[in-house]
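Raw contents of work_7.csv, CSV, C-alpha atoms:
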```csv
chain,number,residue,atom,x,y,z
D,32,PHE,CA,-39.7,218.9,-260.2
D,33,PHE,CA,-42.0,219.5,-263.2
D,34,PRO,CA,-40.7,222.5,-265.2
D,35,GLY,CA,-44.3,223.3,-266.3
D,36,GLY,CA,-45.4,223.6,-262.7
D,37,ILE,CA,-48.8,222.5,-261.5
D,38,GLU,CA,-50.3,222.5,-265.0
D,39,GLN,CA,-47.8,219.9,-266.0
D,40,ILE,CA,-48.5,217.9,-262.8
D,41,ALA,CA,-52.2,217.9,-263.7
D,42,GLU,CA,-51.4,216.6,-267.2
D,43,ALA,CA,-49.4,213.7,-265.7
D,44,LYS,CA,-52.2,212.9,-263.2
D,45,ALA,CA,-54.8,213.0,-266.0
D,46,GLU,CA,-52.9,210.4,-268.1
D,47,ILE,CA,-54.7,207.6,-266.3
D,48,LEU,CA,-57.9,208.9,-268.0
D,49,ASN,CA,-56.5,207.9,-271.3
D,50,HIS,CA,-56.1,204.2,-270.4
D,51,PRO,CA,-58.7,202.0,-272.2
D,52,LYS,CA,-59.5,200.1,-269.0
D,53,THR,CA,-60.4,203.3,-267.1
D,54,LYS,CA,-64.2,203.3,-267.1
D,55,THR,CA,-65.1,205.8,-264.4
D,56,ALA,CA,-63.1,208.6,-262.8
D,57,PHE,CA,-63.8,210.3,-259.5
D,58,ILE,CA,-62.3,213.7,-259.7
D,59,ASN,CA,-62.3,216.6,-257.2
D,60,VAL,CA,-64.1,219.7,-258.6
D,61,ARG,CA,-61.0,221.8,-258.3
D,62,ALA,CA,-59.4,219.7,-261.1
D,63,ARG,CA,-61.7,221.6,-263.5
D,64,GLN,CA,-59.2,224.5,-263.5
D,65,PHE,CA,-56.7,222.4,-265.4
D,66,LEU,CA,-57.1,221.8,-269.2
D,67,ALA,CA,-56.2,218.1,-268.8
D,68,PHE,CA,-59.4,217.4,-266.9
D,69,GLN,CA,-61.7,219.5,-269.1
D,70,LYS,CA,-61.4,217.1,-272.1
D,71,GLU,CA,-64.7,215.6,-273.1
D,72,LYS,CA,-63.3,212.2,-274.2
D,73,GLY,CA,-62.2,209.5,-271.9
D,74,PRO,CA,-64.0,207.7,-269.1
D,75,HIS,CA,-67.2,208.7,-267.3
D,76,LYS,CA,-66.2,211.5,-265.0
D,77,ILE,CA,-67.8,212.1,-261.6
D,78,PHE,CA,-66.8,215.4,-260.0
D,79,TYR,CA,-67.2,215.7,-256.3
D,80,GLY,CA,-66.5,218.3,-253.6
D,81,LEU,CA,-68.0,220.7,-251.1
D,82,ASP,CA,-71.0,222.7,-252.3
D,83,SER,CA,-69.2,225.8,-251.1
D,84,ASP,CA,-66.4,225.3,-253.7
D,85,LEU,CA,-66.5,228.0,-256.4
D,86,LEU,CA,-65.7,225.4,-259.1
D,87,ALA,CA,-68.7,223.2,-258.1
D,88,CYS,CA,-71.6,222.7,-260.5
D,89,PRO,CA,-75.1,221.5,-259.7
D,90,ILE,CA,-74.5,218.2,-261.6
D,91,ASP,CA,-71.6,217.3,-259.3
D,92,GLN,CA,-71.7,215.1,-256.2
D,93,LEU,CA,-71.6,217.8,-253.5
D,94,MET,CA,-71.5,217.6,-249.7
D,95,HIS,CA,-72.8,220.4,-247.5
D,96,LYS,CA,-71.0,221.2,-244.3
D,97,GLU,CA,-72.5,223.4,-241.6
D,98,ASN,CA,-71.6,223.6,-237.9
D,99,GLY,CA,-70.0,220.2,-237.8
D,100,VAL,CA,-73.0,218.5,-239.5
D,101,PHE,CA,-72.6,217.1,-243.0
D,102,SER,CA,-75.3,216.5,-245.5
D,103,PHE,CA,-75.1,214.2,-248.5
D,104,LYS,CA,-77.7,212.3,-250.5
D,105,GLU,CA,-80.4,213.7,-248.1
D,106,LYS,CA,-78.6,212.2,-245.1
D,107,ASN,CA,-77.2,214.1,-242.2
D,108,PHE,CA,-74.2,212.8,-240.3
D,109,SER,CA,-71.1,213.8,-238.5
D,110,LEU,CA,-67.4,213.0,-239.2
D,111,PRO,CA,-64.5,212.9,-236.7
D,112,PHE,CA,-62.9,215.8,-238.5
D,113,SER,CA,-64.0,219.0,-240.1
D,114,ALA,CA,-61.1,220.3,-242.2
D,115,ASN,CA,-62.3,220.8,-245.8
D,116,HIS,CA,-59.5,218.8,-247.3
D,117,LEU,CA,-60.2,215.8,-245.1
D,118,VAL,CA,-63.9,216.0,-245.8
D,119,GLU,CA,-63.3,216.1,-249.5
D,120,ASN,CA,-61.0,213.0,-249.2
D,121,PHE,CA,-63.8,211.3,-247.3
D,122,LEU,CA,-66.3,212.1,-250.0
D,123,GLY,CA,-64.1,210.8,-252.8
D,124,ALA,CA,-63.5,207.5,-250.9
D,125,ALA,CA,-67.2,207.2,-250.0
D,126,LEU,CA,-68.3,207.7,-253.6
D,127,ILE,CA,-65.9,205.0,-254.7
D,128,ALA,CA,-67.0,202.6,-251.9
D,129,ASN,CA,-70.7,203.2,-253.0
D,130,HIS,CA,-69.8,202.6,-256.6
D,131,LEU,CA,-68.2,199.3,-255.6
D,132,GLY,CA,-71.4,198.2,-253.8
D,133,MET,CA,-71.3,199.6,-250.2
D,134,SER,CA,-74.5,201.3,-249.1
D,135,TRP,CA,-74.7,204.9,-247.9
D,136,GLU,CA,-75.9,203.6,-244.6
D,137,GLU,CA,-72.8,201.4,-244.2
D,138,ILE,CA,-70.5,204.2,-245.3
D,139,ILE,CA,-72.0,206.7,-242.8
D,140,THR,CA,-72.0,204.2,-240.0
D,141,GLU,CA,-68.4,203.3,-240.5
D,142,ALA,CA,-67.3,206.9,-241.0
D,143,LYS,CA,-67.4,207.6,-237.3
D,144,HIS,CA,-64.4,205.3,-236.9
D,145,LEU,CA,-62.2,207.3,-239.2
D,146,LYS,CA,-59.4,209.5,-238.0
D,147,PRO,CA,-57.0,211.7,-239.8
D,148,TYR,CA,-53.8,210.3,-241.1
D,149,GLU,CA,-50.9,210.7,-238.7
D,150,ARG,CA,-49.4,214.2,-238.8
D,151,ARG,CA,-52.2,215.4,-241.2
D,152,PHE,CA,-54.4,218.0,-239.4
D,153,GLU,CA,-54.0,215.9,-236.2
D,154,LYS,CA,-55.6,217.7,-233.3
D,155,ILE,CA,-53.9,217.3,-229.9
D,156,GLU,CA,-55.4,218.8,-226.7
D,157,LYS,CA,-52.9,219.6,-223.9
D,158,GLU,CA,-53.4,221.8,-220.8
D,159,GLY,CA,-56.2,223.8,-222.5
D,160,VAL,CA,-54.3,224.4,-225.7
D,161,THR,CA,-55.2,222.8,-229.0
D,162,TYR,CA,-52.3,221.9,-231.2
D,163,ILE,CA,-52.8,220.9,-234.8
D,164,ASN,CA,-50.0,218.9,-236.3
D,165,ASP,CA,-50.1,219.1,-240.0
D,166,SER,CA,-46.4,218.3,-240.7
D,167,TYR,CA,-46.7,215.3,-243.1
D,168,ASN,CA,-44.9,216.2,-246.3
D,169,ALA,CA,-46.0,219.8,-246.6
D,170,ASN,CA,-46.7,221.4,-250.0
D,171,PRO,CA,-48.4,224.7,-250.9
D,172,THR,CA,-51.9,223.1,-251.2
D,173,SER,CA,-51.7,221.2,-247.9
D,174,VAL,CA,-50.3,224.2,-246.0
D,175,LYS,CA,-53.0,226.5,-247.4
D,176,ALA,CA,-55.7,224.0,-246.5
D,177,ALA,CA,-54.3,223.7,-242.9
D,178,LEU,CA,-54.2,227.5,-242.5
D,179,GLU,CA,-57.7,227.9,-243.9
D,180,ASN,CA,-59.0,225.3,-241.5
D,181,LEU,CA,-57.4,226.6,-238.3
D,182,PRO,CA,-59.8,227.3,-235.5
D,183,ARG,CA,-60.6,231.0,-235.2
D,184,PRO,CA,-59.3,232.3,-231.8
D,185,GLU,CA,-61.7,233.2,-229.1
D,186,LEU,CA,-61.8,236.8,-227.9
D,187,GLY,CA,-58.5,237.6,-226.1
D,188,LYS,CA,-56.8,234.4,-227.3
D,189,LYS,CA,-54.7,233.7,-230.4
D,190,THR,CA,-53.9,231.2,-233.0
D,191,ILE,CA,-50.2,230.6,-233.8
D,192,ALA,CA,-49.0,228.7,-236.8
D,193,VAL,CA,-45.5,227.3,-236.8
D,194,LEU,CA,-44.4,226.6,-240.4
D,195,GLY,CA,-41.4,224.7,-241.6
D,196,GLU,CA,-39.9,224.5,-245.0
D,197,MET,CA,-41.8,222.9,-247.8
D,198,ARG,CA,-39.3,220.7,-249.5
D,199,GLU,CA,-39.2,219.2,-253.0
D,200,LEU,CA,-40.6,222.3,-254.7
D,201,GLY,CA,-37.6,222.8,-257.0
D,202,SER,CA,-37.6,226.1,-258.9
D,203,HIS,CA,-41.0,227.0,-257.5
D,204,SER,CA,-39.8,227.0,-253.9
D,205,GLU,CA,-39.2,230.7,-253.4
D,206,LYS,CA,-42.5,231.7,-255.0
D,207,ALA,CA,-44.5,229.1,-253.1
D,208,HIS,CA,-43.0,230.1,-249.7
D,209,HIS,CA,-43.8,233.7,-250.4
D,210,GLU,CA,-47.4,232.9,-251.3
D,211,ILE,CA,-47.8,230.9,-248.1
D,212,GLY,CA,-46.3,233.7,-246.1
D,213,VAL,CA,-49.0,236.1,-247.6
D,214,ILE,CA,-51.8,233.6,-246.7
D,215,ALA,CA,-50.4,233.0,-243.2
D,216,SER,CA,-50.2,236.7,-242.5
D,217,LYS,CA,-54.0,237.0,-243.0
```
Give the structure from the file, written as structure tokens.
Amino acid sequence: FFPGGIEQIAEAKAEILNHPKTKTAFINVRARQFLAFQKEKGPHKIFYGLDSDLLACPIDQLMHKENGVFSFKEKNFSLPFSANHLVENFLGAALIANHLGMSWEEIITEAKHLKPYERRFEKIEKEGVTYINDSYNANPTSVKAALENLPRPELGKKTIAVLGEMRELGSHSEKAHHEIGVIASK
């Protein structure tokens, strides 16, 4: 319900960077596209993400993902999920855990116990069909992420996406639904 759209939402989220007690901020590399996160003043900023992200810089904390194997800090490991948005969430949480004293060995060991949040890119196998339930509070970013991470169909098979309404988009609703329709058609 922000009349200025996503730019104004970014401004509101960046307000925490102005608090004098905020010493370190862990920020996804995609936030760089918003002016509110480009300001030099404020806390120490640590940008993180996947090394494949176009907004990533060599100075960022970047994770590499290839064929289900992840690499970070010269360590290879697996995660119980592979969707980019979930991997990025893991990296952000791992960086904070390490900053607070947890070792990378502990983080990687415990990571195998993780599972996606209920109804957020949740994989369900049933009678040879893989269902992906990503119905938790859909918004354009989460729907786009889900569509981009759907498994590619095998030869002679297909991938079907069943999309419901994205609520709470206010005046941006029609435009957002149209954009998702274009992405889904591809």
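Shortest atom-to-atom contact with Arg198 in chain D among D:Pro111, D:Gly212, D:Pro171, D:Pro74: D:Pro171, counting all atoms listed in the file.
Atom to atom, CA of Asn180 in chain D and CA of Leu145 in chain D stand 18.4 Å apart.
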Could you produce a table of the residues of range 99-162 of chain D lying within 12 Å of range 187-197 of chain D, with the nearest pair of atoms per residue and their separation in Å rounded to one decimal, using only C-alpha atoms, ordered by chain and increasing residue number, as CSV?
```
residue,atom,partner,partner_atom,distance
D:Gly159,CA,D:Lys188,CA,11.7
D:Val160,CA,D:Thr190,CA,10.0
D:Thr161,CA,D:Thr190,CA,9.4
D:Tyr162,CA,D:Ile191,CA,9.3
```
Create the file for the chosen residues now, containing C-alpha atoms and written as a short mmCIF file (atom, residue, chain, number, x, y, z; two decimals), in the frame of the given file.
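File produced: again_22.cif:
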```cif
data_model
loop_
_atom_site.label_atom_id
_atom_site.label_comp_id
_atom_site.auth_asym_id
_atom_site.auth_seq_id
_atom_site.Cartn_x
_atom_site.Cartn_y
_atom_site.Cartn_z
CA GLY D 159 -56.20 223.80 -222.50
CA VAL D 160 -54.30 224.40 -225.70
CA THR D 161 -55.20 222.80 -229.00
CA TYR D 162 -52.30 221.90 -231.20
#
```
Residues within 12 Å of Leu85 in chain D, all atoms listed in the file, excluding chain neighbours under 5 positions, as number ranges by chain: D: 60-64, 80, 93
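Of the residues listed (D:Ala41, D:Ala124, D:Leu48, D:Ile211), D:Ala41 shows the shortest atom-to-atom separation from Leu66 in chain D; distances use all atoms listed in the file.
Summary of the local environment: counting only C-alpha atoms, residues at most 6 Å from Ile163 in chain D, other than itself and those fewer than 6 positions away along its chain, are Phe152, Glu153 and Lys154 of chain D.
Note that CA of Phe33 in chain D and CA of Arg150 in chain D are 26.0 Å apart.
As for CA of Leu117 in chain D and CA of Asp82 in chain D, they are spaced 14.7 Å apart.
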Protein and nucleic acid residues near (-49.1, 222.1, -242.1) (cut-off 7 Å, all atoms listed in the file) as a VMD selection string: chain D and resid 164 to 166 169 173 to 174 177 194
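Shortest atom-to-atom contact with Ile138 in chain D among D:Ile77, D:Ala45, D:Ala125, D:Leu110: D:Ala125, counting all atoms listed in the file.
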Which residues, written as a PDB file with C-alpha atoms, in the frame of the given file, have at least one atom at most 6 Å from Phe78 in chain D, with all atoms listed in the file counted and residues fewer than 4 positions away on the same chain left out?
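Contents of out00.pdb, as written:
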```
ATOM      1  CA  PHE D  57     -63.800 210.300-259.500  1.00  0.00           C
ATOM      2  CA  ILE D  58     -62.300 213.700-259.700  1.00  0.00           C
ATOM      3  CA  ASN D  59     -62.300 216.600-257.200  1.00  0.00           C
ATOM      4  CA  VAL D  60     -64.100 219.700-258.600  1.00  0.00           C
ATOM      5  CA  ASP D  91     -71.600 217.300-259.300  1.00  0.00           C
TER       6      ASP D  91
END
```
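Residue nearest Glu105 in chain D, chosen from D:Trp135, D:Glu38, D:Glu119, D:Ser83 and counting only C-alpha atoms: D:Trp135.
Proximity to Lys146 in chain D was assessed for D:Leu186, D:Ser134, D:Ser102, D:Phe112 counting only C-alpha atoms; the smallest distance is recorded for D:Phe112.
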